[in-house]
Amino acid sequence: MTQTFEANLQKYAELIIRTGANVQQGQEVFVTGAVESATLIRYVAAKAYEAGASNVHIEWTDDALSRLKYEKAAEDVFARYPDWETAKRDSFVDRGAVFISIISSSPDLLKGIDSKRISSFQKAAGQGLKSFRQAMQSDLVSWTVVAAAGRQWAEKVFPDASSEEAVELLWKAIFDSVRLHAEDPVAAWVEHDRSLHEKSAELNNRKFSKLHYTAPGTDMTIELHPNHIWVGAGSINANNVSFMANMPTEEVFTVPLKTGVNGYVSSTKPLSYGGNIIDRFKLTFENGRIVKAEAEEGQEILQQLVETDEGSHYLGEVALVPHHSPISQSNILFYNTLFDENASNHLAIGSGYAFNIEGGKTMSAEELEQSGVNASITHVDFMIGSGEMDIDGITSEGTVVPIFRNGNWAI
Ligand code: ZN
Ligand code: ZN
C-alpha cells in the first residue's frame, strides 16, 4: 500500500463518518462490509470512535463464502431469514444507531446459481428486513451506502487491466466520484448538497403533474404523486440530524403515483441484481402496472424481480440525473447501481420513500399506500437515461415545459 493510497483511504473514512453517517456523540454505528475491505473498515471504525461513537459493530461479509452457501447449503435455508438477524438490526434501530453499508461485491457473484434460490432468499430477506427497511425509508435512522473496490468487481469494470491495476483504477474512480480530490472534501459536499437542494426546490416550485419521457425504445408518461416532493443529496433523520444516504449521489428524485405510469421504457445500462446481470430490457406499463418485462440478458431474473410481490409490479421512484454528471463523464460502466444510477436518469421498481410526499414521514404504511405511494418488500433502481432522452413536464393546466433535452437539464 503506497502512502498516498493510505492517506486517501483515511480521508475517505473521515468523509464517510462526517458527511455520510454524520456520527453523533454517544451514538452506535453498525457497519456492513467485506473482509476484503478490512483496511478501509478499520479506518472507518477509528474515525467513528474519534467522532464520539459509543460502539462500532462490524457485520463482516465475504463474497466467496456467500457464493459457497448458495452452492452448497440446504434448499430451505433460502426460504427463511433468520429471526436473530432481524432482531439484531431492529435492536440497533431502537437505539438510534447509524447504519453504514460498504459495498464491494462482484456484479455477477451469483452467476450460474439456481435463480430459484436467489429469488427465494430475496423474498425471505425482504420480509425479514421489513421493519429495518421501513426505518431507513422513512429516515427514522441515519444510513449511508458507500463503496470499496473489491477485486472481482474491479476486474469486471476494467477487463483489459491486470488485476492489480483494475483495483487501483476502481479506487481512483470511487475517490473521484466522492470528490475526495477536493482540497476539503467535507466542504465540497456541503456545496454539492446545496446545488442539488436548489434543483429540487426549483422542481417543487413548478409542481408538475406528469413527466413525459421519449428516447429510442422509450415513450412513457409518469403521473407524479399529487403531494410529491423532489429531494436530493442530504437527508434529515427523526432526531433532526443530517446524513447522506448515498455517496456518490447526483440525483434529484420523487415518487410517482402508483397507478399513473403508462407506456414503455428501455434500460440503457446493465443492472446487477441478486448477483446477476440483467441487460437490454424493456418494461411496458398500464395504469402503473408492469404488464410486460422483456430482457435480452437475464430474462428469468428480471421476471423474478417483477414477481417478488404485488408492489414489485409498480414503480416507487423517479430520478433525474443529467447525462453530463461527473460519473457519466468518466465513461466508466460500473455494473453497480450506486454508481450507474448517478450517471443516468433512472426509475425504481418497488416501494416509494415516505419522505417523498408532504407529511409522509409521519404516515403509517397503510396511509402511505392509500395515498398512492407504492409499497413492496423490494426497491431496485434501473437506468434509463441517455444523451438521446427528452423529458417534458406537464402542469395540471396542461402546459408542457421541456425539463430535459438530449439527456441534460433544460430548466
Ligand atoms: Zn435513485
Ligand atoms: Zn432508489
# chains A, B, ... in the order shown; residues from 1 in each chain; ligands from 1
>>> residues_near_ligand(ligand="ligand 2", cutoff="7 Å", atoms="only C-alpha atoms and all ligand atoms", output="list in words")
Glu317, Ala348, His379, Val380 and Asp381 of chain A
>>> write_last_selection(atoms="N, CA and C atoms", output="PDB file, in the first residue's frame")
ATOM      1  N   GLU A 317     -40.007   5.172  -7.536  1.00  0.00           N
ATOM      2  CA  GLU A 317     -39.061   6.301  -7.586  1.00  0.00           C
ATOM      3  C   GLU A 317     -38.862   6.772  -9.019  1.00  0.00           C
ATOM      4  N   ALA A 348     -37.247   3.311 -10.102  1.00  0.00           N
ATOM      5  CA  ALA A 348     -37.084   2.136  -9.236  1.00  0.00           C
ATOM      6  C   ALA A 348     -38.355   1.313  -9.238  1.00  0.00           C
ATOM      7  N   HIS A 379     -36.937  -2.627  -3.560  1.00  0.00           N
ATOM      8  CA  HIS A 379     -36.735  -1.307  -4.179  1.00  0.00           C
ATOM      9  C   HIS A 379     -35.459  -1.418  -5.012  1.00  0.00           C
ATOM     10  N   VAL A 380     -35.613  -1.453  -6.321  1.00  0.00           N
ATOM     11  CA  VAL A 380     -34.455  -1.676  -7.192  1.00  0.00           C
ATOM     12  C   VAL A 380     -34.416  -0.605  -8.290  1.00  0.00           C
ATOM     13  N   ASP A 381     -33.377   0.213  -8.252  1.00  0.00           N
ATOM     14  CA  ASP A 381     -33.210   1.258  -9.275  1.00  0.00           C
ATOM     15  C   ASP A 381     -32.708   0.642 -10.575  1.00  0.00           C
TER      16      ASP A 381
END
>>> residues_near_ligand(ligand="ligand 1", cutoff="8 Å", atoms="only C-alpha atoms and all ligand atoms", output="list in words")
Glu251, Val252, Phe253, Glu317, Val318, Ala319, Glu341, Asn342, His346, Leu347, Ala348 and Asp381 of chain A
>>> residues_around(residues="Gly274 in chain A", least_positions_apart="2", cutoff="7 Å", atoms="only C-alpha atoms", output="VMD selection string")
chain A and resid 118 272 276
>>> closest_residue(among="A:Gly275, A:Arg179, A:Ser235, A:Ala148", to="Ser66 in chain A", atoms="only C-alpha atoms")
A:Gly275
>>> select_by_dssp(residues="range 256-311 of chain A", states="strand (DSSP E or B)", output="ChimeraX atom specification")
/A:256-266,271-273,276-286,289-297
>>> closest_residue(among="A:Glu85, A:Asp193, A:Glu164, A:Asp176", to="Gly150 in chain A", atoms="only C-alpha atoms")
A:Glu164
>>> atom_distance(atom1="CA of Phe99 in chain A", atom2="CA of Trp84 in chain A")
17.5 Å
>>> atom_distance(atom1="CA of Ser328 in chain A", atom2="CA of Glu168 in chain A")
19.4 Å
>>> select_by_dssp(residues="range 82-132 of chain A", states="alpha helix (DSSP H)", output="list of chain:residue names")
A:Asp83, A:Trp84, A:Glu85, A:Thr86, A:Ala87, A:Lys88, A:Arg89, A:Asp90, A:Ser91, A:Phe92, A:Val93, A:Asp94, A:Ser115, A:Lys116, A:Arg117, A:Ile118, A:Ser119, A:Ser120, A:Phe121, A:Gln122, A:Lys123, A:Ala124, A:Ala125, A:Gly126, A:Gln127, A:Gly128, A:Lys130, A:Ser131, A:Phe132
>>> residues_around(residues="Ser106 in chain A", least_positions_apart="4", cutoff="9 Å", atoms="only C-alpha atoms", output="ChimeraX atom specification")
/A:63,110,150-156,275,335-336
>>> write_last_selection(atoms="N, CA and C atoms", output="PDB file, in the first residue's frame")
ATOM      1  N   ASP A  63     -17.484 -12.559  -0.107  1.00  0.00           N
ATOM      2  CA  ASP A  63     -18.096 -12.982  -1.373  1.00  0.00           C
ATOM      3  C   ASP A  63     -17.949 -14.484  -1.612  1.00  0.00           C
ATOM      4  N   LEU A 110     -23.263 -14.234  -8.273  1.00  0.00           N
ATOM      5  CA  LEU A 110     -24.094 -15.441  -8.198  1.00  0.00           C
ATOM      6  C   LEU A 110     -24.476 -15.977  -9.579  1.00  0.00           C
ATOM      7  N   GLY A 150     -13.690  -3.876  -4.582  1.00  0.00           N
ATOM      8  CA  GLY A 150     -13.463  -5.326  -4.496  1.00  0.00           C
ATOM      9  C   GLY A 150     -12.738  -5.789  -5.747  1.00  0.00           C
ATOM     10  N   ARG A 151     -11.884  -6.800  -5.585  1.00  0.00           N
ATOM     11  CA  ARG A 151     -11.070  -7.248  -6.719  1.00  0.00           C
ATOM     12  C   ARG A 151     -11.915  -7.741  -7.904  1.00  0.00           C
ATOM     13  N   GLN A 152     -12.876  -8.614  -7.619  1.00  0.00           N
ATOM     14  CA  GLN A 152     -13.663  -9.175  -8.729  1.00  0.00           C
ATOM     15  C   GLN A 152     -14.537  -8.124  -9.406  1.00  0.00           C
ATOM     16  N   TRP A 153     -15.034  -7.196  -8.591  1.00  0.00           N
ATOM     17  CA  TRP A 153     -15.806  -6.093  -9.165  1.00  0.00           C
ATOM     18  C   TRP A 153     -14.896  -5.267 -10.082  1.00  0.00           C
ATOM     19  N   ALA A 154     -13.677  -4.943  -9.595  1.00  0.00           N
ATOM     20  CA  ALA A 154     -12.729  -4.141 -10.373  1.00  0.00           C
ATOM     21  C   ALA A 154     -12.388  -4.824 -11.697  1.00  0.00           C
ATOM     22  N   GLU A 155     -12.213  -6.157 -11.644  1.00  0.00           N
ATOM     23  CA  GLU A 155     -11.864  -6.888 -12.870  1.00  0.00           C
ATOM     24  C   GLU A 155     -12.995  -6.842 -13.889  1.00  0.00           C
ATOM     25  N   LYS A 156     -14.225  -6.783 -13.394  1.00  0.00           N
ATOM     26  CA  LYS A 156     -15.384  -6.691 -14.301  1.00  0.00           C
ATOM     27  C   LYS A 156     -15.438  -5.301 -14.965  1.00  0.00           C
ATOM     28  N   GLY A 275     -26.855 -10.634  -7.619  1.00  0.00           N
ATOM     29  CA  GLY A 275     -25.625 -11.281  -8.070  1.00  0.00           C
ATOM     30  C   GLY A 275     -25.641 -11.720  -9.526  1.00  0.00           C
ATOM     31  N   TYR A 335     -21.307  -1.366 -13.468  1.00  0.00           N
ATOM     32  CA  TYR A 335     -22.108  -2.561 -13.154  1.00  0.00           C
ATOM     33  C   TYR A 335     -22.517  -2.557 -11.686  1.00  0.00           C
ATOM     34  N   ASN A 336     -22.745  -1.370 -11.163  1.00  0.00           N
ATOM     35  CA  ASN A 336     -23.131  -1.233  -9.764  1.00  0.00           C
ATOM     36  C   ASN A 336     -24.060  -0.036  -9.674  1.00  0.00           C
TER      37      ASN A 336
END
>>> closest_residue(among="A:His192, A:Arg42, A:Lys11, A:Arg89", to="Pro248 in chain A", atoms="only C-alpha atoms")
A:His192
>>> closest_atom_pairs(of="range 219-283 of chain A", to="range 20-34 of chain A", cutoff="12 Å", atoms="only C-alpha atoms", output="CSV")
residue,atom,partner,partner_atom,distance
A:Ala233,CA,A:Gly20,CA,10.2
A:Gly234,CA,A:Gly20,CA,8.7
A:Ser235,CA,A:Gly20,CA,9.9
A:Ile236,CA,A:Asn22,CA,10.6
A:Asn237,CA,A:Asn22,CA,10.7
A:Asn239,CA,A:Gln24,CA,10.8
A:Asn240,CA,A:Gln24,CA,11.5
A:Val241,CA,A:Asn22,CA,7.8
A:Ser242,CA,A:Asn22,CA,6.9
A:Phe243,CA,A:Gly20,CA,5.4
A:Met244,CA,A:Gly20,CA,4.4
A:Ala245,CA,A:Gly20,CA,6.5
A:Asn246,CA,A:Gly20,CA,7.3
A:Met247,CA,A:Gly20,CA,6.9
A:Pro248,CA,A:Gly20,CA,9.6
A:Thr249,CA,A:Gly20,CA,10.7
>>> closest_residue(among="A:Val261, A:Ala166, A:Leu40, A:Ala354", to="Asn8 in chain A", atoms="only C-alpha atoms")
A:Leu40
>>> atom_distance(atom1="CA of Ala73 in chain A", atom2="CA of Ile41 in chain A")
28.4 Å
>>> residues_around(residues="range 220-225 of chain A", least_positions_apart="3", cutoff="6 Å", atoms="only C-alpha atoms", output="PyMOL selection string")
chain A and resi 209-213+228+256-257+260-264
>>> closest_residue(among="A:Glu6, A:Glu310, A:Asp279, A:Asp62", to="Glu297 in chain A", atoms="only C-alpha atoms")
A:Asp279
>>> residues_around(residues="Thr284 in chain A", least_positions_apart="5", cutoff="12 Å", atoms="only C-alpha atoms", output="list of chain:residue names")
A:Gly217, A:Thr218, A:Asp219, A:Met220, A:Thr221, A:Val261, A:Asn262, A:Gly263, A:Tyr264, A:Val265, A:Ser266, A:Ser267, A:Arg289, A:Ile290, A:Val291, A:Lys292, A:Ala293, A:Glu294, A:Ala295, A:Val306, A:His313, A:Tyr314, A:Leu315
>>> write_last_selection(atoms="N, CA and C atoms", output="PDB file, in the first residue's frame")
ATOM      1  N   GLY A 217     -36.634   3.541 -27.950  1.00  0.00           N
ATOM      2  CA  GLY A 217     -37.110   2.453 -27.087  1.00  0.00           C
ATOM      3  C   GLY A 217     -37.917   2.899 -25.883  1.00  0.00           C
ATOM      4  N   THR A 218     -38.187   4.185 -25.787  1.00  0.00           N
ATOM      5  CA  THR A 218     -38.920   4.715 -24.626  1.00  0.00           C
ATOM      6  C   THR A 218     -39.966   5.744 -25.040  1.00  0.00           C
ATOM      7  N   ASP A 219     -41.211   5.542 -24.605  1.00  0.00           N
ATOM      8  CA  ASP A 219     -42.265   6.547 -24.736  1.00  0.00           C
ATOM      9  C   ASP A 219     -43.200   6.296 -23.562  1.00  0.00           C
ATOM     10  N   MET A 220     -43.063   7.111 -22.539  1.00  0.00           N
ATOM     11  CA  MET A 220     -43.720   6.791 -21.281  1.00  0.00           C
ATOM     12  C   MET A 220     -44.160   8.061 -20.572  1.00  0.00           C
ATOM     13  N   THR A 221     -45.365   7.985 -19.958  1.00  0.00           N
ATOM     14  CA  THR A 221     -45.838   9.117 -19.164  1.00  0.00           C
ATOM     15  C   THR A 221     -45.938   8.676 -17.708  1.00  0.00           C
ATOM     16  N   VAL A 261     -48.533   5.342 -14.267  1.00  0.00           N
ATOM     17  CA  VAL A 261     -47.460   5.140 -15.252  1.00  0.00           C
ATOM     18  C   VAL A 261     -48.006   4.403 -16.473  1.00  0.00           C
ATOM     19  N   ASN A 262     -47.798   4.963 -17.667  1.00  0.00           N
ATOM     20  CA  ASN A 262     -48.276   4.327 -18.899  1.00  0.00           C
ATOM     21  C   ASN A 262     -47.234   4.446 -20.003  1.00  0.00           C
ATOM     22  N   GLY A 263     -47.115   3.384 -20.823  1.00  0.00           N
ATOM     23  CA  GLY A 263     -46.169   3.403 -21.939  1.00  0.00           C
ATOM     24  C   GLY A 263     -45.059   2.382 -21.726  1.00  0.00           C
ATOM     25  N   TYR A 264     -43.930   2.607 -22.411  1.00  0.00           N
ATOM     26  CA  TYR A 264     -42.828   1.640 -22.300  1.00  0.00           C
ATOM     27  C   TYR A 264     -41.499   2.363 -22.136  1.00  0.00           C
ATOM     28  N   VAL A 265     -40.566   1.663 -21.480  1.00  0.00           N
ATOM     29  CA  VAL A 265     -39.260   2.259 -21.204  1.00  0.00           C
ATOM     30  C   VAL A 265     -38.179   1.196 -21.399  1.00  0.00           C
ATOM     31  N   SER A 266     -37.036   1.611 -21.976  1.00  0.00           N
ATOM     32  CA  SER A 266     -35.939   0.669 -22.201  1.00  0.00           C
ATOM     33  C   SER A 266     -34.748   1.023 -21.326  1.00  0.00           C
ATOM     34  N   SER A 267     -34.082   0.006 -20.826  1.00  0.00           N
ATOM     35  CA  SER A 267     -32.892   0.222 -19.999  1.00  0.00           C
ATOM     36  C   SER A 267     -31.751   0.719 -20.880  1.00  0.00           C
ATOM     37  N   ARG A 289     -49.020  -0.537 -13.684  1.00  0.00           N
ATOM     38  CA  ARG A 289     -48.597  -1.928 -13.502  1.00  0.00           C
ATOM     39  C   ARG A 289     -47.707  -2.381 -14.669  1.00  0.00           C
ATOM     40  N   ILE A 290     -46.639  -3.119 -14.356  1.00  0.00           N
ATOM     41  CA  ILE A 290     -45.794  -3.691 -15.413  1.00  0.00           C
ATOM     42  C   ILE A 290     -46.568  -4.853 -16.023  1.00  0.00           C
ATOM     43  N   VAL A 291     -46.897  -4.727 -17.317  1.00  0.00           N
ATOM     44  CA  VAL A 291     -47.657  -5.795 -17.968  1.00  0.00           C
ATOM     45  C   VAL A 291     -46.763  -6.643 -18.863  1.00  0.00           C
ATOM     46  N   LYS A 292     -45.555  -6.126 -19.140  1.00  0.00           N
ATOM     47  CA  LYS A 292     -44.620  -6.900 -19.951  1.00  0.00           C
ATOM     48  C   LYS A 292     -43.192  -6.548 -19.523  1.00  0.00           C
ATOM     49  N   ALA A 293     -42.343  -7.563 -19.348  1.00  0.00           N
ATOM     50  CA  ALA A 293     -40.940  -7.336 -18.982  1.00  0.00           C
ATOM     51  C   ALA A 293     -40.086  -8.250 -19.848  1.00  0.00           C
ATOM     52  N   GLU A 294     -39.332  -7.631 -20.762  1.00  0.00           N
ATOM     53  CA  GLU A 294     -38.531  -8.436 -21.700  1.00  0.00           C
ATOM     54  C   GLU A 294     -37.067  -8.020 -21.591  1.00  0.00           C
ATOM     55  N   ALA A 295     -36.177  -9.010 -21.410  1.00  0.00           N
ATOM     56  CA  ALA A 295     -34.742  -8.714 -21.346  1.00  0.00           C
ATOM     57  C   ALA A 295     -33.994  -9.580 -22.336  1.00  0.00           C
ATOM     58  N   VAL A 306     -39.701  -8.739 -10.909  1.00  0.00           N
ATOM     59  CA  VAL A 306     -41.034  -8.139 -11.089  1.00  0.00           C
ATOM     60  C   VAL A 306     -42.091  -8.914 -10.295  1.00  0.00           C
ATOM     61  N   HIS A 313     -44.589  -4.916  -9.088  1.00  0.00           N
ATOM     62  CA  HIS A 313     -45.115  -4.693 -10.437  1.00  0.00           C
ATOM     63  C   HIS A 313     -45.281  -3.197 -10.712  1.00  0.00           C
ATOM     64  N   TYR A 314     -44.920  -2.354  -9.729  1.00  0.00           N
ATOM     65  CA  TYR A 314     -45.141  -0.911  -9.851  1.00  0.00           C
ATOM     66  C   TYR A 314     -43.849  -0.149  -9.535  1.00  0.00           C
ATOM     67  N   LEU A 315     -43.840   1.140  -9.864  1.00  0.00           N
ATOM     68  CA  LEU A 315     -42.657   1.968  -9.609  1.00  0.00           C
ATOM     69  C   LEU A 315     -42.775   2.719  -8.280  1.00  0.00           C
TER      70      LEU A 315
END
>>> closest_atom_pairs(of="range 108-218 of chain A", to="range 90-95 of chain A", cutoff="12 Å", atoms="only C-alpha atoms", output="Markdown table")
| residue | atom | partner | partner_atom | distance |
| --- | --- | --- | --- | --- |
| A:Gly128 | CA | A:Asp90 | CA | 10.3 |
| A:Leu129 | CA | A:Asp90 | CA | 8.6 |
| A:Lys130 | CA | A:Asp90 | CA | 9.8 |
| A:Ser131 | CA | A:Asp90 | CA | 7.2 |
| A:Phe132 | CA | A:Asp90 | CA | 6.0 |
| A:Arg133 | CA | A:Asp90 | CA | 9.8 |
| A:Gln134 | CA | A:Val93 | CA | 10.5 |
| A:Ala135 | CA | A:Val93 | CA | 7.3 |
| A:Met136 | CA | A:Val93 | CA | 9.1 |
| A:Asp139 | CA | A:Val93 | CA | 11.0 |
| A:Leu140 | CA | A:Val93 | CA | 8.4 |
| A:Val141 | CA | A:Val93 | CA | 6.8 |
| A:Ser142 | CA | A:Val93 | CA | 9.4 |
| A:Trp143 | CA | A:Val93 | CA | 10.5 |
>>> write_last_selection(atoms="all heavy atoms", output="JSON list (two decimals), in the first residue's frame")
[["chain", "number", "residue", "atom", "x", "y", "z"],
["A", 128, "GLY", "N", -37.96, -10.41, 6.18],
["A", 128, "GLY", "CA", -37.22, -10.36, 7.45],
["A", 128, "GLY", "C", -36.70, -8.97, 7.78],
["A", 128, "GLY", "O", -36.58, -8.59, 8.94],
["A", 129, "LEU", "N", -36.39, -8.19, 6.74],
["A", 129, "LEU", "CA", -35.81, -6.86, 6.97],
["A", 129, "LEU", "C", -36.84, -5.75, 6.78],
["A", 129, "LEU", "O", -36.47, -4.58, 6.65],
["A", 129, "LEU", "CB", -34.62, -6.64, 6.01],
["A", 129, "LEU", "CG", -33.45, -7.60, 6.21],
["A", 129, "LEU", "CD1", -32.40, -7.41, 5.13],
["A", 129, "LEU", "CD2", -32.81, -7.38, 7.59],
["A", 130, "LYS", "N", -38.11, -6.12, 6.80],
["A", 130, "LYS", "CA", -39.17, -5.15, 6.51],
["A", 130, "LYS", "C", -39.12, -3.93, 7.45],
["A", 130, "LYS", "O", -39.10, -2.79, 7.01],
["A", 130, "LYS", "CB", -40.53, -5.83, 6.62],
["A", 130, "LYS", "CG", -41.59, -5.19, 5.77],
["A", 130, "LYS", "CD", -42.82, -6.06, 5.72],
["A", 130, "LYS", "CE", -43.97, -5.28, 5.09],
["A", 130, "LYS", "NZ", -45.17, -6.10, 5.01],
["A", 131, "SER", "N", -39.07, -4.20, 8.77],
["A", 131, "SER", "CA", -39.10, -3.08, 9.71],
["A", 131, "SER", "C", -37.81, -2.27, 9.62],
["A", 131, "SER", "O", -37.82, -1.04, 9.72],
["A", 131, "SER", "CB", -39.33, -3.58, 11.13],
["A", 131, "SER", "OG", -38.43, -4.62, 11.42],
["A", 132, "PHE", "N", -36.70, -2.96, 9.40],
["A", 132, "PHE", "CA", -35.41, -2.29, 9.26],
["A", 132, "PHE", "C", -35.42, -1.36, 8.04],
["A", 132, "PHE", "O", -35.02, -0.20, 8.10],
["A", 132, "PHE", "CB", -34.31, -3.36, 9.12],
["A", 132, "PHE", "CG", -32.95, -2.83, 8.77],
["A", 132, "PHE", "CD1", -32.30, -1.93, 9.60],
["A", 132, "PHE", "CD2", -32.31, -3.25, 7.61],
["A", 132, "PHE", "CE1", -31.04, -1.45, 9.29],
["A", 132, "PHE", "CE2", -31.05, -2.78, 7.28],
["A", 132, "PHE", "CZ", -30.41, -1.88, 8.12],
["A", 133, "ARG", "N", -35.96, -1.87, 6.92],
["A", 133, "ARG", "CA", -36.02, -1.05, 5.71],
["A", 133, "ARG", "C", -36.98, 0.11, 5.86],
["A", 133, "ARG", "O", -36.73, 1.20, 5.34],
["A", 133, "ARG", "CB", -36.39, -1.91, 4.51],
["A", 133, "ARG", "CG", -35.31, -2.93, 4.19],
["A", 133, "ARG", "CD", -35.65, -3.69, 2.95],
["A", 133, "ARG", "NE", -35.89, -2.75, 1.85],
["A", 133, "ARG", "CZ", -35.51, -2.98, 0.61],
["A", 133, "ARG", "NH1", -34.88, -4.10, 0.32],
["A", 133, "ARG", "NH2", -35.77, -2.11, -0.33],
["A", 134, "GLN", "N", -38.08, -0.14, 6.59],
["A", 134, "GLN", "CA", -39.02, 0.97, 6.81],
["A", 134, "GLN", "C", -38.36, 2.09, 7.62],
["A", 134, "GLN", "O", -38.59, 3.26, 7.36],
["A", 134, "GLN", "CB", -40.27, 0.47, 7.53],
["A", 134, "GLN", "CG", -41.40, 0.19, 6.53],
["A", 134, "GLN", "CD", -42.53, -0.61, 7.15],
["A", 134, "GLN", "OE1", -42.63, -0.74, 8.37],
["A", 134, "GLN", "NE2", -43.40, -1.14, 6.31],
["A", 135, "ALA", "N", -37.53, 1.69, 8.59],
["A", 135, "ALA", "CA", -36.84, 2.69, 9.41],
["A", 135, "ALA", "C", -35.91, 3.54, 8.54],
["A", 135, "ALA", "O", -35.77, 4.74, 8.73],
["A", 135, "ALA", "CB", -36.04, 2.01, 10.51],
["A", 136, "MET", "N", -35.30, 2.90, 7.54],
["A", 136, "MET", "CA", -34.42, 3.65, 6.64],
["A", 136, "MET", "C", -35.22, 4.47, 5.64],
["A", 136, "MET", "O", -34.93, 5.63, 5.38],
["A", 136, "MET", "CB", -33.47, 2.70, 5.92],
["A", 136, "MET", "CG", -32.52, 2.00, 6.86],
["A", 136, "MET", "SD", -31.02, 1.47, 6.05],
["A", 136, "MET", "CE", -31.63, 0.23, 4.98],
["A", 139, "ASP", "N", -36.41, 7.59, 6.97],
["A", 139, "ASP", "CA", -35.37, 8.41, 7.61],
["A", 139, "ASP", "C", -35.50, 8.45, 9.13],
["A", 139, "ASP", "O", -35.11, 9.44, 9.76],
["A", 139, "ASP", "CB", -35.36, 9.85, 7.05],
["A", 139, "ASP", "CG", -34.80, 9.91, 5.65],
["A", 139, "ASP", "OD1", -34.24, 8.90, 5.19],
["A", 139, "ASP", "OD2", -34.92, 10.97, 5.01],
["A", 140, "LEU", "N", -36.08, 7.40, 9.72],
["A", 140, "LEU", "CA", -36.13, 7.31, 11.18],
["A", 140, "LEU", "C", -34.70, 7.31, 11.72],
["A", 140, "LEU", "O", -34.39, 7.97, 12.70],
["A", 140, "LEU", "CB", -36.86, 6.01, 11.57],
["A", 140, "LEU", "CG", -37.06, 5.74, 13.05],
["A", 140, "LEU", "CD1", -38.02, 6.77, 13.65],
["A", 140, "LEU", "CD2", -37.61, 4.33, 13.27],
["A", 141, "VAL", "N", -33.82, 6.53, 11.07],
["A", 141, "VAL", "CA", -32.41, 6.48, 11.47],
["A", 141, "VAL", "C", -31.54, 6.98, 10.31],
["A", 141, "VAL", "O", -32.00, 7.05, 9.17],
["A", 141, "VAL", "CB", -31.97, 5.05, 11.82],
["A", 141, "VAL", "CG1", -32.65, 4.57, 13.10],
["A", 141, "VAL", "CG2", -32.25, 4.08, 10.67],
["A", 142, "SER", "N", -30.29, 7.30, 10.62],
["A", 142, "SER", "CA", -29.35, 7.71, 9.58],
["A", 142, "SER", "C", -28.74, 6.48, 8.94],
["A", 142, "SER", "O", -28.51, 5.48, 9.61],
["A", 142, "SER", "CB", -28.22, 8.54, 10.19],
["A", 142, "SER", "OG", -28.73, 9.74, 10.73],
["A", 143, "TRP", "N", -28.48, 6.56, 7.65],
["A", 143, "TRP", "CA", -27.85, 5.44, 6.95],
["A", 143, "TRP", "C", -27.09, 5.96, 5.75],
["A", 143, "TRP", "O", -27.42, 7.01, 5.19],
["A", 143, "TRP", "CB", -28.91, 4.40, 6.53],
["A", 143, "TRP", "CG", -30.04, 4.96, 5.71],
["A", 143, "TRP", "CD1", -31.12, 5.66, 6.20],
["A", 143, "TRP", "CD2", -30.24, 4.86, 4.30],
["A", 143, "TRP", "NE1", -31.97, 6.00, 5.17],
["A", 143, "TRP", "CE2", -31.46, 5.52, 4.00],
["A", 143, "TRP", "CE3", -29.52, 4.27, 3.25],
["A", 143, "TRP", "CZ2", -31.97, 5.63, 2.69],
["A", 143, "TRP", "CZ3", -30.01, 4.38, 1.96],
["A", 143, "TRP", "CH2", -31.23, 5.04, 1.69]]
>>> residues_around(residues="Ala46 in chain A", least_positions_apart="2", cutoff="12 Å", atoms="only C-alpha atoms", output="VMD selection string")
chain A and resid 10 to 11 13 to 14 16 to 17 23 29 39 to 44 48 to 57
>>> decode(residues="range 128-137 of chain A", atoms="N, CA, C and O atoms", output="PDB file, in the first residue's frame")
ATOM      1  N   GLY A 128     -37.956 -10.413   6.182  1.00  0.00           N
ATOM      2  CA  GLY A 128     -37.224 -10.360   7.452  1.00  0.00           C
ATOM      3  C   GLY A 128     -36.704  -8.966   7.777  1.00  0.00           C
ATOM      4  O   GLY A 128     -36.579  -8.589   8.937  1.00  0.00           O
ATOM      5  N   LEU A 129     -36.390  -8.189   6.741  1.00  0.00           N
ATOM      6  CA  LEU A 129     -35.808  -6.859   6.967  1.00  0.00           C
ATOM      7  C   LEU A 129     -36.836  -5.745   6.781  1.00  0.00           C
ATOM      8  O   LEU A 129     -36.474  -4.577   6.655  1.00  0.00           O
ATOM      9  N   LYS A 130     -38.106  -6.120   6.801  1.00  0.00           N
ATOM     10  CA  LYS A 130     -39.168  -5.146   6.512  1.00  0.00           C
ATOM     11  C   LYS A 130     -39.119  -3.933   7.453  1.00  0.00           C
ATOM     12  O   LYS A 130     -39.103  -2.786   7.006  1.00  0.00           O
ATOM     13  N   SER A 131     -39.067  -4.203   8.767  1.00  0.00           N
ATOM     14  CA  SER A 131     -39.104  -3.079   9.713  1.00  0.00           C
ATOM     15  C   SER A 131     -37.807  -2.271   9.625  1.00  0.00           C
ATOM     16  O   SER A 131     -37.821  -1.045   9.722  1.00  0.00           O
ATOM     17  N   PHE A 132     -36.695  -2.963   9.395  1.00  0.00           N
ATOM     18  CA  PHE A 132     -35.405  -2.294   9.257  1.00  0.00           C
ATOM     19  C   PHE A 132     -35.424  -1.363   8.036  1.00  0.00           C
ATOM     20  O   PHE A 132     -35.018  -0.200   8.103  1.00  0.00           O
ATOM     21  N   ARG A 133     -35.957  -1.873   6.921  1.00  0.00           N
ATOM     22  CA  ARG A 133     -36.016  -1.051   5.708  1.00  0.00           C
ATOM     23  C   ARG A 133     -36.982   0.111   5.858  1.00  0.00           C
ATOM     24  O   ARG A 133     -36.735   1.197   5.341  1.00  0.00           O
ATOM     25  N   GLN A 134     -38.080  -0.137   6.586  1.00  0.00           N
ATOM     26  CA  GLN A 134     -39.019   0.973   6.812  1.00  0.00           C
ATOM     27  C   GLN A 134     -38.359   2.087   7.616  1.00  0.00           C
ATOM     28  O   GLN A 134     -38.587   3.263   7.360  1.00  0.00           O
ATOM     29  N   ALA A 135     -37.535   1.688   8.592  1.00  0.00           N
ATOM     30  CA  ALA A 135     -36.837   2.692   9.409  1.00  0.00           C
ATOM     31  C   ALA A 135     -35.911   3.539   8.537  1.00  0.00           C
ATOM     32  O   ALA A 135     -35.775   4.744   8.734  1.00  0.00           O
ATOM     33  N   MET A 136     -35.299   2.902   7.536  1.00  0.00           N
ATOM     34  CA  MET A 136     -34.415   3.647   6.642  1.00  0.00           C
ATOM     35  C   MET A 136     -35.220   4.469   5.638  1.00  0.00           C
ATOM     36  O   MET A 136     -34.932   5.626   5.379  1.00  0.00           O
ATOM     37  N   GLN A 137     -36.275   3.839   5.093  1.00  0.00           N
ATOM     38  CA  GLN A 137     -37.029   4.521   4.028  1.00  0.00           C
ATOM     39  C   GLN A 137     -37.838   5.707   4.543  1.00  0.00           C
ATOM     40  O   GLN A 137     -38.314   6.506   3.762  1.00  0.00           O
TER      41      GLN A 137
END
